[in-house]
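With TSV, C-alpha atoms inside, this is target26.tsv:
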chain	number	residue	atom	x	y	z
A	796	MET	CA	-4.39	-21.28	-35.62
A	797	LEU	CA	-3.34	-18.76	-38.28
A	798	ALA	CA	-1.47	-15.69	-37.10
A	799	THR	CA	-3.03	-12.37	-38.07
A	800	PRO	CA	-0.92	-9.84	-39.99
A	801	LEU	CA	-0.87	-7.66	-36.86
A	802	ALA	CA	0.41	-10.55	-34.76
A	803	VAL	CA	3.09	-11.30	-37.33
A	804	MET	CA	4.12	-7.64	-37.37
A	805	GLU	CA	4.28	-7.60	-33.59
A	806	ALA	CA	6.33	-10.79	-33.56
A	807	ASP	CA	8.81	-9.14	-35.95
A	808	LEU	CA	8.99	-6.03	-33.79
A	809	VAL	CA	9.51	-8.16	-30.68
A	810	GLU	CA	12.33	-10.08	-32.35
A	811	GLN	CA	14.00	-6.86	-33.47
A	812	ALA	CA	13.55	-5.28	-30.03
A	813	ARG	CA	15.06	-8.36	-28.41
A	814	GLU	CA	18.04	-7.88	-30.67
A	815	GLY	CA	18.38	-4.31	-29.40
A	816	ASP	CA	16.55	-2.34	-32.10
A	817	ARG	CA	15.33	0.83	-30.38
A	818	ASN	CA	13.06	1.86	-33.22
A	819	ALA	CA	11.24	-1.46	-33.07
A	820	PHE	CA	10.90	-1.05	-29.32
A	821	GLY	CA	9.54	2.46	-29.91
A	822	GLU	CA	6.82	1.00	-32.11
A	823	ILE	CA	5.93	-1.49	-29.39
A	824	VAL	CA	5.74	1.34	-26.84
A	825	ARG	CA	3.51	3.30	-29.21
A	826	SER	CA	1.08	0.36	-29.39
A	827	TYR	CA	0.95	-0.40	-25.68
A	828	HIS	CA	1.34	3.03	-24.11
A	829	PRO	CA	-2.41	3.77	-23.76
A	830	GLY	CA	-3.12	0.41	-22.12
A	831	VAL	CA	-0.10	0.53	-19.83
A	832	VAL	CA	-0.71	4.10	-18.72
A	833	ASN	CA	-4.34	3.27	-17.98
A	834	VAL	CA	-3.35	0.27	-15.85
A	835	VAL	CA	-0.70	2.18	-13.88
A	836	TYR	CA	-2.99	5.16	-13.43
A	837	ARG	CA	-5.73	2.95	-12.00
A	838	MET	CA	-3.18	1.29	-9.74
A	839	CYS	CA	-1.66	4.61	-8.56
A	840	GLY	CA	-4.59	6.98	-8.80
A	841	ASP	CA	-2.28	9.85	-9.66
A	842	PRO	CA	-1.55	11.03	-13.22
A	843	ALA	CA	1.98	12.27	-12.55
A	844	LEU	CA	2.91	9.11	-10.72
A	845	ALA	CA	1.29	7.06	-13.47
A	846	GLU	CA	3.43	8.79	-16.12
A	847	ASP	CA	6.56	7.92	-14.16
A	848	ALA	CA	5.42	4.34	-13.58
A	849	ALA	CA	4.58	3.94	-17.27
A	850	GLN	CA	8.03	5.16	-18.20
A	851	GLU	CA	9.56	2.82	-15.63
A	852	THR	CA	7.50	-0.05	-17.06
A	853	PHE	CA	8.89	0.41	-20.54
A	854	ILE	CA	12.44	0.94	-19.32
A	855	ARG	CA	12.25	-2.32	-17.34
A	856	ALA	CA	10.77	-4.05	-20.35
A	857	TRP	CA	13.59	-2.76	-22.53
A	858	LEU	CA	16.29	-3.82	-20.08
A	859	HIS	CA	14.85	-7.28	-19.63
A	860	PHE	CA	13.39	-7.93	-23.05
A	861	ASP	CA	15.46	-11.07	-23.43
A	862	SER	CA	13.46	-12.68	-20.61
A	863	PHE	CA	10.22	-12.27	-22.57
A	864	GLN	CA	9.10	-15.55	-24.11
A	865	PRO	CA	8.04	-14.76	-27.69
A	866	HIS	CA	5.24	-17.35	-27.72
A	867	THR	CA	3.50	-15.66	-24.77
A	868	SER	CA	1.42	-12.50	-24.67
A	869	LEU	CA	3.43	-9.30	-24.78
A	870	ARG	CA	0.48	-7.38	-23.35
A	871	ASN	CA	0.27	-9.66	-20.30
A	872	TRP	CA	4.01	-9.39	-19.75
A	873	LEU	CA	3.94	-5.60	-19.98
A	874	TYR	CA	0.91	-5.34	-17.70
A	875	ARG	CA	2.62	-7.48	-15.13
A	876	ILE	CA	5.65	-5.20	-15.17
A	877	ALA	CA	3.27	-2.21	-15.11
A	878	VAL	CA	1.49	-3.46	-11.97
A	879	ASN	CA	4.81	-3.94	-10.21
A	880	ALA	CA	6.14	-0.58	-11.39
A	881	ALA	CA	2.96	1.12	-10.15
A	882	LEU	CA	3.22	-0.56	-6.74
A	883	ASP	CA	6.89	0.42	-6.52
A	884	ALA	CA	6.01	4.01	-7.39
A	885	LEU	CA	3.34	4.04	-4.69
A	886	ARG	CA	5.74	2.66	-2.10
A	887	LYS	CA	8.38	5.21	-3.04
A	888	LYS	CA	5.81	7.97	-2.74
A	889	ARG	CA	4.74	6.73	0.70
A	890	GLU	CA	8.33	6.63	1.90
A	891	MET	CA	8.88	10.26	0.93
A	892	PRO	CA	8.85	12.56	3.98
A	893	ALA	CA	6.02	15.08	4.24
A	894	GLY	CA	4.26	13.42	1.33
A	895	GLU	CA	0.55	13.70	1.16
A	896	ASP	CA	-1.65	10.73	0.45
A	897	LEU	CA	-1.58	10.75	-3.30
A	898	LEU	CA	-4.90	9.00	-3.55
A	899	LEU	CA	-6.48	12.04	-1.98
A	900	ASP	CA	-4.64	14.53	-4.15
A	901	PRO	CA	-7.18	16.82	-5.74
A	902	ASP	CA	-7.21	17.38	-9.47
A	903	PRO	CA	-4.73	20.22	-10.11
A	904	HIS	CA	-6.90	21.62	-12.92
A	905	PRO	CA	-10.37	22.24	-11.53
A	906	GLY	CA	-12.75	23.09	-14.36
A	907	PRO	CA	-16.08	24.85	-14.64
A	908	GLU	CA	-18.99	24.22	-12.30
A	909	ALA	CA	-20.56	21.67	-14.62
A	910	ASP	CA	-17.54	19.44	-14.30
A	911	LEU	CA	-17.56	19.44	-10.52
A	912	LEU	CA	-19.89	16.50	-10.16
A	913	GLN	CA	-17.84	14.49	-12.63
A	914	LYS	CA	-14.64	15.37	-10.79
A	915	GLU	CA	-16.14	14.36	-7.48
A	916	ARG	CA	-17.19	11.07	-8.99
A	917	THR	CA	-13.68	10.54	-10.35
A	918	GLU	CA	-12.22	11.19	-6.93
A	919	LEU	CA	-14.66	8.77	-5.34
A	920	VAL	CA	-13.81	6.00	-7.78
A	921	ARG	CA	-10.09	6.72	-7.50
A	922	ASN	CA	-10.17	6.62	-3.72
A	923	ALA	CA	-12.36	3.52	-3.67
A	924	ILE	CA	-9.92	1.63	-5.89
A	925	GLY	CA	-7.01	3.01	-3.90
A	926	SER	CA	-8.51	1.69	-0.67
A	927	LEU	CA	-8.36	-1.90	-1.92
A	928	ALA	CA	-5.52	-4.17	-0.90
A	929	GLU	CA	-2.75	-4.22	-3.51
A	930	THR	CA	-3.45	-7.83	-4.38
A	931	SER	CA	-7.16	-7.28	-5.07
A	932	ARG	CA	-6.51	-3.95	-6.75
A	933	ALA	CA	-4.06	-5.52	-9.20
A	934	VAL	CA	-6.63	-8.16	-10.18
A	935	LEU	CA	-9.45	-5.63	-10.51
A	936	VAL	CA	-7.37	-3.18	-12.55
A	937	LEU	CA	-6.13	-5.87	-14.94
A	938	ARG	CA	-9.71	-7.07	-15.44
A	939	GLU	CA	-11.60	-3.80	-15.60
A	940	TYR	CA	-9.02	-1.56	-17.26
A	941	GLY	CA	-6.55	-3.99	-18.79
A	942	GLY	CA	-9.31	-6.16	-20.25
A	943	LEU	CA	-7.41	-9.36	-19.40
A	944	SER	CA	-9.22	-12.67	-19.05
A	945	TYR	CA	-9.05	-14.54	-15.74
A	946	GLN	CA	-6.52	-16.93	-17.24
A	947	GLU	CA	-4.37	-14.05	-18.47
A	948	ILE	CA	-4.52	-12.34	-15.07
A	949	ALA	CA	-3.57	-15.62	-13.42
A	950	SER	CA	-0.52	-16.03	-15.61
A	951	SER	CA	0.43	-12.36	-15.32
A	952	LEU	CA	0.38	-12.41	-11.53
A	953	ASP	CA	1.42	-16.03	-11.03
A	954	ILE	CA	-1.69	-16.98	-9.11
A	955	PRO	CA	-4.37	-19.63	-9.69
A	956	VAL	CA	-7.53	-18.74	-11.64
A	957	GLY	CA	-9.61	-19.51	-8.53
A	958	THR	CA	-7.66	-16.86	-6.63
A	959	VAL	CA	-8.26	-14.37	-9.43
A	960	MET	CA	-12.00	-15.01	-9.14
A	961	SER	CA	-12.08	-14.74	-5.34
A	962	ARG	CA	-9.98	-11.56	-5.30
A	963	LEU	CA	-12.16	-10.04	-7.97
A	964	ASN	CA	-15.31	-10.90	-6.03
A	965	TYR	CA	-13.79	-9.42	-2.90
A	966	ALA	CA	-12.74	-6.24	-4.71
A	967	ARG	CA	-16.13	-5.77	-6.34
A	968	ASN	CA	-18.03	-6.35	-3.11
A	969	ARG	CA	-15.80	-3.87	-1.33
A	970	LEU	CA	-16.21	-1.29	-4.10
A	971	ARG	CA	-19.97	-1.74	-4.02
A	972	GLU	CA	-19.98	-1.01	-0.30
A	973	ILE	CA	-17.91	2.13	-0.79
A	974	LEU	CA	-19.67	3.36	-3.91
A	975	GLU	CA	-23.19	2.47	-2.80
A	976	PRO	CA	-24.31	6.12	-2.37
A	977	GLU	CA	-22.86	7.06	-5.76
A	978	LEU	CA	-24.58	4.13	-7.43
A	979	ALA	CA	-27.86	5.23	-5.86
A	980	THR	CA	-27.31	8.78	-7.16
A	981	LEU	CA	-26.60	7.43	-10.62
A	982	GLU	CA	-29.82	5.45	-10.52
A	983	SER	CA	-31.86	8.48	-9.48
A	984	GLU	CA	-30.21	10.52	-12.25
A	985	ASN	CA	-31.23	7.94	-14.82
A	986	ASP	CA	-34.79	7.66	-13.54
B	1399	MET	CA	-30.38	-26.17	-9.02
B	1400	ILE	CA	-28.05	-23.68	-7.28
B	1401	GLU	CA	-29.45	-21.61	-4.41
B	1402	HIS	CA	-28.14	-18.21	-5.46
B	1403	ALA	CA	-25.69	-17.36	-8.17
B	1404	THR	CA	-24.08	-14.43	-6.33
B	1405	GLN	CA	-20.53	-15.78	-6.33
B	1406	TRP	CA	-20.67	-16.51	-10.07
B	1407	LEU	CA	-22.22	-13.24	-11.23
B	1408	GLY	CA	-18.91	-11.42	-11.60
B	1409	ALA	CA	-17.49	-14.22	-13.73
B	1410	TYR	CA	-20.77	-14.32	-15.70
B	1411	LEU	CA	-20.54	-10.60	-16.36
B	1412	ASP	CA	-16.93	-11.02	-17.49
B	1413	GLY	CA	-17.89	-13.80	-19.90
B	1414	GLU	CA	-15.74	-16.28	-18.00
B	1415	LEU	CA	-18.36	-18.96	-17.40
B	1416	LYS	CA	-18.71	-21.90	-19.73
B	1417	GLY	CA	-20.55	-25.18	-20.06
B	1418	VAL	CA	-22.66	-26.49	-17.21
B	1419	ARG	CA	-21.89	-23.58	-14.87
B	1420	LEU	CA	-22.95	-21.03	-17.48
B	1421	HIS	CA	-26.16	-22.93	-18.08
B	1422	GLN	CA	-26.83	-23.16	-14.33
B	1423	VAL	CA	-26.33	-19.42	-13.83
B	1424	GLU	CA	-28.45	-18.49	-16.86
B	1425	THR	CA	-31.26	-20.77	-15.70
B	1426	HIS	CA	-31.06	-19.33	-12.22
B	1427	LEU	CA	-31.05	-15.75	-13.48
B	1428	ALA	CA	-34.19	-16.42	-15.50
B	1429	GLN	CA	-35.95	-17.38	-12.27
B	1430	CYS	CA	-34.33	-15.20	-9.59
B	1431	ALA	CA	-35.13	-11.49	-9.47
B	1432	ALA	CA	-32.64	-10.90	-6.63
B	1433	CYS	CA	-29.73	-12.24	-8.67
B	1434	ARG	CA	-30.84	-10.28	-11.73
B	1435	MET	CA	-30.80	-7.14	-9.62
B	1436	GLU	CA	-27.40	-8.06	-8.26
B	1437	LEU	CA	-26.10	-8.51	-11.80
B	1438	GLU	CA	-27.51	-5.15	-12.79
B	1439	GLN	CA	-25.73	-3.54	-9.83
B	1440	LEU	CA	-22.47	-5.11	-10.92
B	1441	ARG	CA	-22.99	-3.76	-14.45
B	1442	LYS	CA	-23.65	-0.27	-13.11
B	1443	MET	CA	-20.62	-0.40	-10.91
B	1444	SER	CA	-18.45	-1.49	-13.80
B	1445	ALA	CA	-19.80	1.44	-15.83
B	1446	LEU	CA	-19.09	3.80	-12.92
B	1447	LEU	CA	-15.52	2.53	-12.73
B	1448	HIS	CA	-15.00	3.44	-16.36
B	1449	THR	CA	-16.14	7.03	-16.07
B	1450	PRO	CA	-14.47	9.24	-16.91
B	1451	ASP	CA	-11.77	8.19	-19.33
B	1452	PRO	CA	-8.47	9.52	-17.93
B	1453	SER	CA	-6.62	9.55	-21.26
B	1454	GLY	CA	-6.83	13.34	-21.55
B	1455	ARG	CA	-4.75	13.70	-18.43
B	1456	PHE	CA	-1.63	12.14	-19.91
B	1457	GLN	CA	0.84	13.33	-22.45
B	1458	PRO	CA	0.11	12.08	-25.98
B	1459	THR	CA	1.62	8.75	-26.96
B	1460	GLY	CA	3.94	10.31	-29.55
B	1461	ARG	CA	5.47	12.70	-27.03
B	1462	PHE	CA	5.73	9.92	-24.44
B	1463	VAL	CA	7.59	7.68	-26.90
B	1464	ASN	CA	9.98	10.47	-27.88
B	1465	GLY	CA	10.74	11.24	-24.23
B	1466	LEU	CA	11.19	7.58	-23.41
B	1467	MET	CA	13.57	7.00	-26.32
B	1468	LEU	CA	15.80	9.76	-24.97
B	1469	ARG	CA	15.85	8.14	-21.52
B	1470	LEU	CA	16.22	4.57	-22.67
B	1471	PRO	CA	19.44	3.22	-21.13
B	1472	ARG	CA	21.98	1.00	-22.81
B	1473	ARG	CA	20.93	-2.59	-22.48
B	1474	PRO	CA	23.50	-4.54	-20.43
B	1475	GLU	CA	25.23	-7.42	-22.13
B	1476	ARG	CA	24.20	-10.71	-20.61
B	1477	ILE	CA	25.61	-14.16	-20.45
B	1478	PHE	CA	23.54	-16.62	-22.51
B	1479	ARG	CA	21.61	-13.77	-24.10
B	1480	ARG	CA	21.35	-15.12	-27.61
B	1481	PRO	CA	19.57	-18.36	-28.46
B	1482	ALA	CA	22.82	-19.79	-29.84
B	1483	ALA	CA	24.53	-19.13	-26.51
B	1484	GLY	CA	21.55	-20.68	-24.75
B	1485	PHE	CA	21.94	-23.80	-26.86
B	1486	VAL	CA	25.66	-23.94	-26.15
B	1487	HIS	CA	25.17	-23.59	-22.44
B	1488	TRP	CA	22.79	-26.56	-22.49
B	1489	LEU	CA	25.60	-28.58	-24.02
B	1490	VAL	CA	27.57	-28.21	-20.78
B	1491	PRO	CA	25.32	-30.35	-18.52
B	1492	ALA	CA	24.64	-32.73	-21.40
B	1493	GLY	CA	28.39	-33.17	-21.88
B	1494	ILE	CA	28.97	-33.68	-18.16
B	1495	LEU	CA	26.20	-36.23	-17.85
B	1496	GLY	CA	27.36	-37.96	-21.03
B	1497	THR	CA	30.91	-38.18	-19.68
B	1498	TRP	CA	29.63	-39.56	-16.40
B	1499	PHE	CA	27.53	-42.24	-18.10
B	1500	LEU	CA	30.41	-43.16	-20.39
B	1501	PHE	CA	32.71	-43.39	-17.41
B	1502	GLN	CA	30.30	-45.61	-15.49
B	1503	PHE	CA	29.75	-47.78	-18.54
B	1504	ALA	CA	33.49	-48.20	-19.15
B	1505	LEU	CA	34.01	-48.99	-15.49
B	1506	GLY	CA	31.26	-51.61	-15.47
B	1507	LEU	CA	32.43	-53.15	-18.72
B	1508	GLY	CA	36.03	-53.22	-17.52
B	1509	GLY	CA	34.97	-54.94	-14.32
B	1510	LEU	CA	32.98	-57.53	-16.25
B	1511	ILE	CA	35.81	-58.27	-18.68
B	1512	SER	CA	38.27	-58.47	-15.85
B	1513	ALA	CA	36.05	-60.85	-13.86
B	1514	ALA	CA	35.41	-63.00	-16.93
B	1515	GLY	CA	39.14	-63.05	-17.72
B	1516	ASP	CA	40.00	-64.04	-14.14
B	1517	ALA	CA	37.46	-66.87	-14.34
B	1518	GLY	CA	39.07	-68.04	-17.58
B	1519	LEU	CA	35.87	-67.56	-19.54
B	1520	LEU	CA	37.50	-65.48	-22.23
B	1521	GLY	CA	40.53	-67.70	-22.84
B	1522	SER	CA	43.15	-65.84	-24.90
B	1523	VAL	CA	40.63	-63.34	-26.29
B	1524	THR	CA	41.74	-60.68	-23.78
B	1525	ALA	CA	45.44	-61.34	-24.14
B	1526	TRP	CA	45.92	-58.15	-26.16
B	1527	LEU	CA	44.48	-56.02	-23.37
B	1528	PRO	CA	47.03	-54.24	-21.17
B	1529	SER	CA	47.32	-56.04	-17.88
B	1530	ILE	CA	46.25	-54.27	-14.74
B	1531	PRO	CA	49.24	-53.65	-12.47
B	1532	GLN	CA	49.19	-56.06	-9.57
B	1533	GLN	CA	51.80	-54.34	-7.48
B	1534	THR	CA	52.76	-50.84	-6.51
B	1535	THR	CA	56.20	-49.32	-7.15
B	1536	TRP	CA	57.11	-49.28	-3.48
B	1537	PHE	CA	56.08	-52.96	-3.17
B	1538	GLY	CA	58.38	-54.00	-6.05
B	1539	ALA	CA	61.28	-51.96	-4.69
B	1540	THR	CA	60.86	-53.34	-1.16
B	1541	LEU	CA	60.76	-56.88	-2.45
B	1542	ASN	CA	63.89	-56.29	-4.52
B	1543	VAL	CA	65.85	-54.86	-1.61
B	1544	PHE	CA	64.53	-56.80	1.36
B	1545	GLY	CA	62.82	-59.75	-0.28
B	1546	SER	CA	65.41	-62.29	0.78
B	1547	GLN	CA	65.37	-61.11	4.42
B	1548	LEU	CA	61.58	-61.22	4.82
B	1549	GLY	CA	59.90	-64.20	6.36
B	1550	GLY	CA	56.56	-65.68	5.30
B	1551	SER	CA	54.48	-63.45	7.59
B	1552	GLY	CA	56.47	-60.38	6.54
B	1553	LYS	CA	55.79	-61.11	2.87
B	1554	ALA	CA	52.11	-61.70	3.61
B	1555	THR	CA	51.86	-58.37	5.45
B	1556	LEU	CA	53.67	-56.60	2.63
B	1557	ASP	CA	51.35	-58.19	0.09
B	1558	LEU	CA	48.30	-57.15	2.09
B	1559	LEU	CA	49.56	-53.57	2.25
B	1560	ASN	CA	50.23	-53.67	-1.49
B	1561	GLN	CA	46.66	-54.86	-2.22
B	1562	ALA	CA	45.22	-52.23	0.14
B	1563	ASP	CA	47.25	-49.51	-1.58
B	1564	LEU	CA	46.12	-50.66	-5.03
B	1565	PHE	CA	42.51	-50.77	-3.88
B	1566	LEU	CA	42.60	-47.35	-2.18
B	1567	THR	CA	44.34	-45.74	-5.14
B	1568	ASN	CA	41.64	-47.06	-7.46
B	1569	VAL	CA	38.88	-45.88	-5.17
B	1570	ILE	CA	40.43	-42.43	-4.70
B	1571	VAL	CA	40.89	-41.98	-8.44
B	1572	LEU	CA	37.30	-43.04	-9.10
B	1573	LEU	CA	35.96	-40.76	-6.37
B	1574	ALA	CA	38.08	-37.85	-7.59
B	1575	ILE	CA	36.74	-38.21	-11.13
B	1576	GLN	CA	33.13	-38.39	-9.93
B	1577	PHE	CA	33.64	-35.50	-7.52
B	1578	GLY	CA	35.18	-33.43	-10.30
B	1579	LEU	CA	32.25	-34.12	-12.60
B	1580	ALA	CA	29.80	-33.30	-9.81
B	1581	MET	CA	31.56	-30.01	-9.08
B	1582	VAL	CA	31.45	-28.96	-12.73
B	1583	TYR	CA	27.77	-29.88	-12.85
B	1584	TRP	CA	26.88	-27.96	-9.68
B	1585	THR	CA	28.85	-24.95	-10.87
B	1586	TRP	CA	26.87	-24.99	-14.08
B	1587	LEU	CA	23.62	-25.30	-12.10
B	1588	ALA	CA	24.56	-22.31	-9.94
B	1589	LEU	CA	25.37	-20.22	-13.03
B	1590	PHE	CA	22.15	-21.31	-14.68
B	1591	TRP	CA	20.12	-20.44	-11.58
B	1592	ARG	CA	21.72	-17.00	-11.42
B	1593	HIS	CA	21.02	-16.47	-15.09
B	1594	GLN	CA	17.38	-17.49	-14.68
B	1595	ARG	CA	16.98	-15.20	-11.68
B	1596	ASN	CA	18.37	-12.28	-13.66
B	1597	THR	CA	16.29	-12.86	-16.73
B	1598	VAL	CA	12.90	-13.21	-15.02
B	1599	HIS	CA	13.65	-10.26	-12.75
B	1600	PRO	CA	11.30	-7.68	-14.34
B	1601	SER	CA	8.30	-9.90	-13.92
B	1602	LEU	CA	8.87	-11.33	-10.49
B	1603	PRO	CA	9.78	-8.65	-7.97
B	1604	ASN	CA	6.98	-7.39	-5.80
B	1605	SER	CA	4.52	-9.59	-7.58
B	1606	PRO	CA	1.26	-9.02	-5.71
B	1607	THR	CA	0.60	-12.65	-4.98
B	1608	SER	CA	-0.07	-12.65	-1.27
B	1609	SER	CA	-3.56	-13.24	-0.08
B	1610	SER	CA	-6.08	-10.46	-0.16

Show how you would write the structure in this file as structure tokens.
Amino acid sequence: MLATPLAVMEADLVEQAREGDRNAFGEIVRSYHPGVVNVVYRMCGDPALAEDAAQETFIRAWLHFDSFQPHTSLRNWLYRIAVNAALDALRKKREMPAGEDLLLDPDPHPGPEADLLQKERTELVRNAIGSLAETSRAVLVLREYGGLSYQEIASSLDIPVGTVMSRLNYARNRLREILEPELATLESEND
Amino acid sequence: MIEHATQWLGAYLDGELKGVRLHQVETHLAQCAACRMELEQLRKMSALLHTPDPSGRFQPTGRFVNGLMLRLPRRPERIFRRPAAGFVHWLVPAGILGTWFLFQFALGLGGLISAAGDAGLLGSVTAWLPSIPQQTTWFGATLNVFGSQLGGSGKATLDLLNQADLFLTNVIVLLAIQFGLAMVYWTWLALFWRHQRNTVHPSLPNSPTSSS
């Protein structure tokens, strides 16, 4: 299979970053920041925590870049670190005394009336995802928001493809139960 | 014909089904209104999960990168970090194993030649080889000093002790060499294991792999 120019460019950046080139690593961060921050946000459910977890993800990646195998997917590797960084951030948050449940934190910037419904919906989705077990949540987030294939999720999380499928089914069934009223509202809005 | 395709609908929606299974699910969907409705529900839920896009809630990528670059720590120097070092450290076990095989081969060959020589099969061919000592230093000295005073049984006992000493010395030397090689090999394995554990660290800790 022929490598695309983008893939070749990324391979060069990876090689340079492995050698300790910070600028090359910066370019890699620039490419993967949106995806990583989306994954950690969906895992954490809190923007501030997600920012910290995203930063932690890239710092871990930088410190351990020599363990990355160049012939494998950089995105999968980063997402795997991101999932773990997000879970660590959540655990740290839970261990903090007098900490509120971050998944129930309201949006700090409430907008006009018209946005209220959208904000409520966001909260519902956020809380529904947050209520899933970590293992199912990781699989769901990597599929829905990371866009990874089952095989990629399996290799990212070190689990069999069959487990990916069963966890995804479990997560979706659970989300459907929780979001049933919202789905019904959506349907009536569209009718 | 499958009864209901419920368990495969998620994978179908994700484009993960192929071949016979894909055909089975498609055929079933064409005939089963309940599964079509189920699929539609899954689609709607997926759409709901994606609204709204949270990207506006985060700092822009450029600012994030600049902030990260300022916080990026010095990367620690590691053993075996470069590919060249990795290649060199693989030479260690290869060298140890090679030495061990060479040692075993030489030992086996020596034994064969010695046995063939003792049986007279090699004639004078092995005359140039250094002869294996047949007596220990203490045995020679004892014979020199007390040889004339020793009776037949005394000499036989002394000879037996001499042979036992020669045998044990050989065995101990052989064991010491093998033990030494094994120790070097296990030390290398321990270092390698520690290195592997360190290098895969960012991916492995807290990996959410337990059952859901």

**Q.** A:Ser862, A:Ser951, A:Thr867, A:Gln946 ranked by distance to chain B, top pick (using only C-alpha atoms)
**A.** A:Ser862

Q. What lies within 12 Å of Cys1433 (chain B) using only C-alpha atoms, ignoring chain neighbours under 2 positions off, as an MDAnalysis selection string?
A. chainID B and resid 1400:1408 1410 1423:1431 1435:1440

Could you list, as a PDB file with C-alpha atoms, in the coordinates of the input, every residue of chain A that has an atom within 7 Å of an atom of chain B, counting all atoms listed in the file?
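The file below, out29.pdb, is the result:
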ATOM      1  CA  GLY A 821       9.540   2.460 -29.910  1.00  0.00           C
ATOM      2  CA  VAL A 824       5.740   1.340 -26.840  1.00  0.00           C
ATOM      3  CA  ARG A 825       3.510   3.300 -29.210  1.00  0.00           C
ATOM      4  CA  HIS A 828       1.340   3.030 -24.110  1.00  0.00           C
ATOM      5  CA  PRO A 842      -1.550  11.030 -13.220  1.00  0.00           C
ATOM      6  CA  GLN A 850       8.030   5.160 -18.200  1.00  0.00           C
ATOM      7  CA  ILE A 854      12.440   0.940 -19.320  1.00  0.00           C
ATOM      8  CA  ARG A 855      12.250  -2.320 -17.340  1.00  0.00           C
ATOM      9  CA  LEU A 858      16.290  -3.820 -20.080  1.00  0.00           C
ATOM     10  CA  HIS A 859      14.850  -7.280 -19.630  1.00  0.00           C
ATOM     11  CA  ASP A 861      15.460 -11.070 -23.430  1.00  0.00           C
ATOM     12  CA  SER A 862      13.460 -12.680 -20.610  1.00  0.00           C
ATOM     13  CA  ARG A 875       2.620  -7.480 -15.130  1.00  0.00           C
ATOM     14  CA  ILE A 876       5.650  -5.200 -15.170  1.00  0.00           C
ATOM     15  CA  ASN A 879       4.810  -3.940 -10.210  1.00  0.00           C
ATOM     16  CA  THR A 917     -13.680  10.540 -10.350  1.00  0.00           C
ATOM     17  CA  VAL A 920     -13.810   6.000  -7.780  1.00  0.00           C
ATOM     18  CA  ALA A 928      -5.520  -4.170  -0.900  1.00  0.00           C
ATOM     19  CA  GLU A 929      -2.750  -4.220  -3.510  1.00  0.00           C
ATOM     20  CA  THR A 930      -3.450  -7.830  -4.380  1.00  0.00           C
ATOM     21  CA  SER A 931      -7.160  -7.280  -5.070  1.00  0.00           C
ATOM     22  CA  LEU A 952       0.380 -12.410 -11.530  1.00  0.00           C
ATOM     23  CA  ASP A 953       1.420 -16.030 -11.030  1.00  0.00           C
ATOM     24  CA  ILE A 954      -1.690 -16.980  -9.110  1.00  0.00           C
ATOM     25  CA  ARG A 962      -9.980 -11.560  -5.300  1.00  0.00           C
ATOM     26  CA  ASN A 964     -15.310 -10.900  -6.030  1.00  0.00           C
ATOM     27  CA  LEU A 978     -24.580   4.130  -7.430  1.00  0.00           C
TER      28      LEU A 978
END

(Q) What's around region 965-977 of chain A at 7 Å? Count all atoms listed in the file, leave out sequence neighbours fewer than 3 positions away in its own chain, and write the answer as an MDAnalysis selection string. (A) chainID A and resid 923 927 931:932 935 961:962 980:981
